[in-house]
Structure formats: C-alpha cells, structure tokens
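These notes concern the structure reproduced below.
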Amino acid sequence: MESPVRNTLVAPTTLAVLLGCITIGVSAADRPSSFEIQVVDQVTGRGVPLVELRTVNDIRHYTDSAGRVAFDEPGLIHRRVFFHVSSHGYEFPKDEFGYRGTRLQITPGGKATLKIKRLNIAERIYRVTGAGVYRDSQLLGHRTPTGQPVLNGKVFGSDSVVTALFRNRIYWFWGDTNRPSYPLGNFHVPGACSRRPGDGGLDPETGVDLEYFVDSAGQDGFAKPTARLPGKGPTWINGLVTLRDENRQERLFGMYIKIKPPLTVYQRGLIEFDDEKREWKKVAEFDLKAPLFPFGHPFKHVEDGVEYVHFGDPFPLVRVRASIKKLQDLSNYQAYTCLVAGSRKMSQDVERVRGKLKWGWKPDTVPYTPRLQARLIKQGHIKPTEGLFQLHDGDGKAILVHRGSVCWNDFRRKWIMIGVQQYGSSFLGEVWYAESDRVVGPWTDARKIVTHRKYSFYNPKQHPFFDKHGGRVVFFEGTYATTFSGNDQPTPRYNYNQVMYKLDLSHPELRLPDRQPSTDNQ
C-alpha cells in the first residue's frame, strides 16, 4: 500500500510539519518566559536544593542547587496552580485542609519565593556531581558559580567519593559512574581535581569547580578510567593518603579492590597515583586473608612523638607509621582492640586484666568494629558499658553506625564523627554526629543531623580542608541514591550523586553532654 502522503499535493509548510522538519510554536524566540519558583531556607534565606514541587496532576519538579525551578508547563500559564512542597529533612506549612503546599499564579517571567522550615541540623547546600546541577538557574538567566553548571565531564551520576590533598590541590575520585550515551559507564574510578579555597578555588559554601580527568580520544570527553587495573570486573578505591618520600616529594597512595559478581572482593592491594598520566598504578597486592590493611578515610596523627596514618570507616582504629615503606608492608599495621593479639574475624577471646578489658594497639589482629562489638555483647563476652561504641540518641536508643569519617575539630577541641546509621528510620539515610576526646573513643552520645524518607544517603565524607571559622563550620557530602532504600522512584538528576551539606557546630542541639566515659578501662 502506498503512503497516504505520496502522490498527494500538500502545502510545503504542512508537509514539513508532518515530516518533523518544523516544530510550530516551540522556538526559543517564540516561547514565553518561564515562571521562576525559588525555595529558600526560612532562617538563612539560602536556596534549598532537592525540594519537590508537585502539581495536582503529579507533574514533579525538583529545585536545582540554587533552590530554583523554571516552570513552563503549556496549559498552566496564566492560571493558579497548586504545588505540594516537600523535601527530606525540611517541612512546608500546612494549609487549612492539611496539605503542605501553596497556590501560585503562573505568569510568564514572574517569580515566587517559598520559605521552607529546615528540620535537619545540617543545611543542604548543593549537588556536587551529575547533570543539571544549576539547570533551572541557567534556564532562568541567572549567573551560576561553577564553570560547568549543567554537565561536567559528561557525568550523569557517581558513587561514593574519596578525597586527598596532593600538591596543594584537592583530588577527588568516585566509584561507578554513569554517562549520557549508554547505561554502562565508568567502572574503573573517574577522578578530578579542584583548587583549594583561598588559592583560586570557590568558597565551599558556593560550590566545587571540578576539573575532570577526561578521555577525549576514547570516550568523547567522558571522565576517564583512572584505575584500569588488571583483572575482570570493576575497580574501587579508598584509603587515600599523601606521604613524602626520601626526597621530600609528595606521593599519593590508595587501596584498591577488584569486584566480581555479585559483590565479591577477589583482589586487594596498594596503588600510587601518577599525576602526569592521571592514572593509578599497582604497587602491591595484599593477601586477602590478612586481618589488617588500609581502608576508609585516613588521616595523619602524632602520638608519643610518632606520626601515624589512622584508617577508619568511620572509627579510626587501624594505624601504621606514616612512611611509604611501612604503608606497603601489612605486618606493620596495628588494630586498637580488646581481643587477644592474633584474633581473626570470628574470634571471641577478649583480653582482661583483673577483670577489666585490656585495650591496646595490637598487630596481626582484626579491627574492632561496631558489628564486632555487637556480636561480643550478644555472646556475653563483654558488657554494653565496656564497649568503645556507646552511641545513643536523645531517648537512649542505641545507634549502629554503618560508615562515615572521623576528623579532628579545632572548634570543639575533639574528634568528631559524621556517619550513617544502619537500621534507622530509613535503612541507610540517617546521618549522625558524635564526638570523643580520644581518637580511639569511646563514643557516647549522638545527634541526628540529616534524615531521609525511604532514601539512602550513604558513605558520608567530611572535608576538613573546607572547614571555616576555626572549625565551627564543617562540610560533608554523601551519596544520594535509591540503592538499599526500597524506593523505586529515583529523584531525577539527583539520584546516584553526591550532595554537600554544611554543619554549624555551634548549633544548640549539638551541645552533647560532657560526660566521663562509662568504660573505666581505657
């Protein structure tokens, strides 16, 4: 059968429309200006990212990193439109019928500002990675703080971040990363660097100008794999630490693992970063059965005149002397524990002196973790009040910390921990703050600083190089993802990306009790 268009006389304009060559009424010049909606923190006045504005017919918009939405829905211009307003850790007032939202008169080029109450102690300030970070602001004609506000390194989404200061710049590396052109992306560690605040970098309250390491030849500008190490499956890295060699030159090291389905680690080792090639090189492969190895988010700390690298995720209870030679030899590593020296994963023998637990740094011994402590308590080998981890909320309920990071804070004159809770009101979306006088703990009271409704925010990472006002203001980010959450409705653009928070440690709710540890055996 012949096409109904063939052999038929049709006006040129009509034919062009039928063939998709001309689109009537949607050119930039003909379109009406968008209506701007900005959602701001009612206390600080700062735009709030990740706020959902939902119409009665379920059209959903999410504010960008400046808290803006460019609303341009055909049929709703010059009309009053109701928007449900919601966001993790924030609350919009109810109307007379109990709906948390408001009606707005939509006009071309108009603007409305909505004030929202922050329930979180921490303040959400921007998205670090992914596409459309300042999408709506750009559509509305606003200036944006970052050099690549809508697509940087062709990155759509990235898993957890690790960072290091190296040669006076900040180096950033992520896990598995998505791209625009295909569902499978970079599984071998994309990376970037940025300038430090005060040295050409942005104020951390404003944003991060990431300079991705891109593979312009092979991937058309997509963030390049920096750790394509031998072996099948993805490469993940962590445990980044900068050390000086015998010539006082800085060198950057990290720990890598190779993964096979489903999520099995089949290889582990040490890597070093080649700054000229922007690639990681394998230095050593570690015995998978070794009880101690570099991991997590390390820092350097001097104890009794000796500088150590402490490793933790979050609690820094593994250490090694801060030298390149020592770092490469696992026999030099120590764990702070009450287990007898030489204990392995399922060990249960604790060490006591005159009835009290004997804590100390021990080689060739598994790290002491919240999960290990929970098992020892359940089996009756130690009492709850003897453990290093005694984190409780304001109601006395125990908090099991999954992952996070610990840093020294000059403002509090304490070690501070920011970590994500496991089995909280969301499975991996509740972030807590705690502090300790000693690097090894114990850790007692905690306060929730970020919450999520059926969404994950895992692997929170502090950035001490961003601290402001003598450490009173700190910054941390985490991975916002549906992974492990049970939520099958990913947030457009935000899902599987890094979101930055600001935490003011002078907040009255962070005044934790200055109590003496209940463990008298430290």
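By order in the structure tokens, chains are A, B, ...; within a chain, residues start at 1; ligands start at 1, following the order shown.
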Open item on the list: Residues near Ala284 (chain A), anyone? I mean within 10 Å using only C-alpha atoms, not counting same-chain ones fewer than 4 positions away, as a ChimeraX atom specification.
Closed with: /A:255-256,268-272,328-329
May I have the residues within 9 Å of region 142-145 of chain A as number ranges by chain, using only C-alpha atoms and disregarding those fewer than 3 positions away in the same chain? A: 66, 134, 136-139, 148-149, 202, 206-209
| request: For region 186-197 of chain A, work out the shell of residues within 6 Å, counting only C-alpha atoms and skipping chain neighbours fewer than 2 positions away, then give it as a PyMOL selection string. | output: chain A and resi 169-177+199-203+209-213+223-228+234-235
Quiz prompt | Gly380 (chain A) surroundings by only C-alpha atoms, 12 Å radius, close-in-sequence under 4 positions cut, as an MDAnalysis selection string | solution = chainID A and resid 348:350 373:376 384 386
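Minimum atom-to-atom distances from A:Val401, A:Leu240, A:Val353, A:Val43 to Arg371 (chain A) were compared using only C-alpha atoms, and the lowest value belongs to A:Val401.
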Practice prompt. Taking the chain letters and numbering used in this document, name the residues of region 53-287 of chain A that DSSP puts in helix (DSSP H, G or I), as number ranges by chain.
Written response: A: 135-139
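Counting from CA of Trp415 (chain A), the distance to CA of Trp443 (chain A) is 9.7 Å.
In this model, the gap between CA of Gly98 (chain A) and CA of Thr55 (chain A) comes to 15.7 Å.
Of the residues listed (A:Pro363, A:Gly478, A:Gly153, A:Pro180), A:Gly478 shows the shortest atom-to-atom separation from Tyr496 (chain A); distances use only C-alpha atoms.
Interatomic distance, CA of Ser65 (chain A) against CA of Lys117 (chain A): 17.1 Å.
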- [ ] Tell me which protein, DNA and RNA residues are within 6 Å of Met500 (chain A), counting only C-alpha atoms, leaving out same-chain ones fewer than 5 positions away, and put them as a ChimeraX atom specification.
- [x] /A:125-127,476-477
Write the selection just made, keeping C-alpha atoms, as a PDB file, in the first residue's frame?
```
ATOM      1  CA  ILE A 125      23.694  23.447  50.092  1.00  0.00           C
ATOM      2  CA  TYR A 126      24.312  21.949  46.631  1.00  0.00           C
ATOM      3  CA  ARG A 127      24.829  18.893  44.475  1.00  0.00           C
ATOM      4  CA  PHE A 476      30.440  16.821  54.332  1.00  0.00           C
ATOM      5  CA  GLU A 477      28.863  15.028  51.396  1.00  0.00           C
TER       6      GLU A 477
END
```
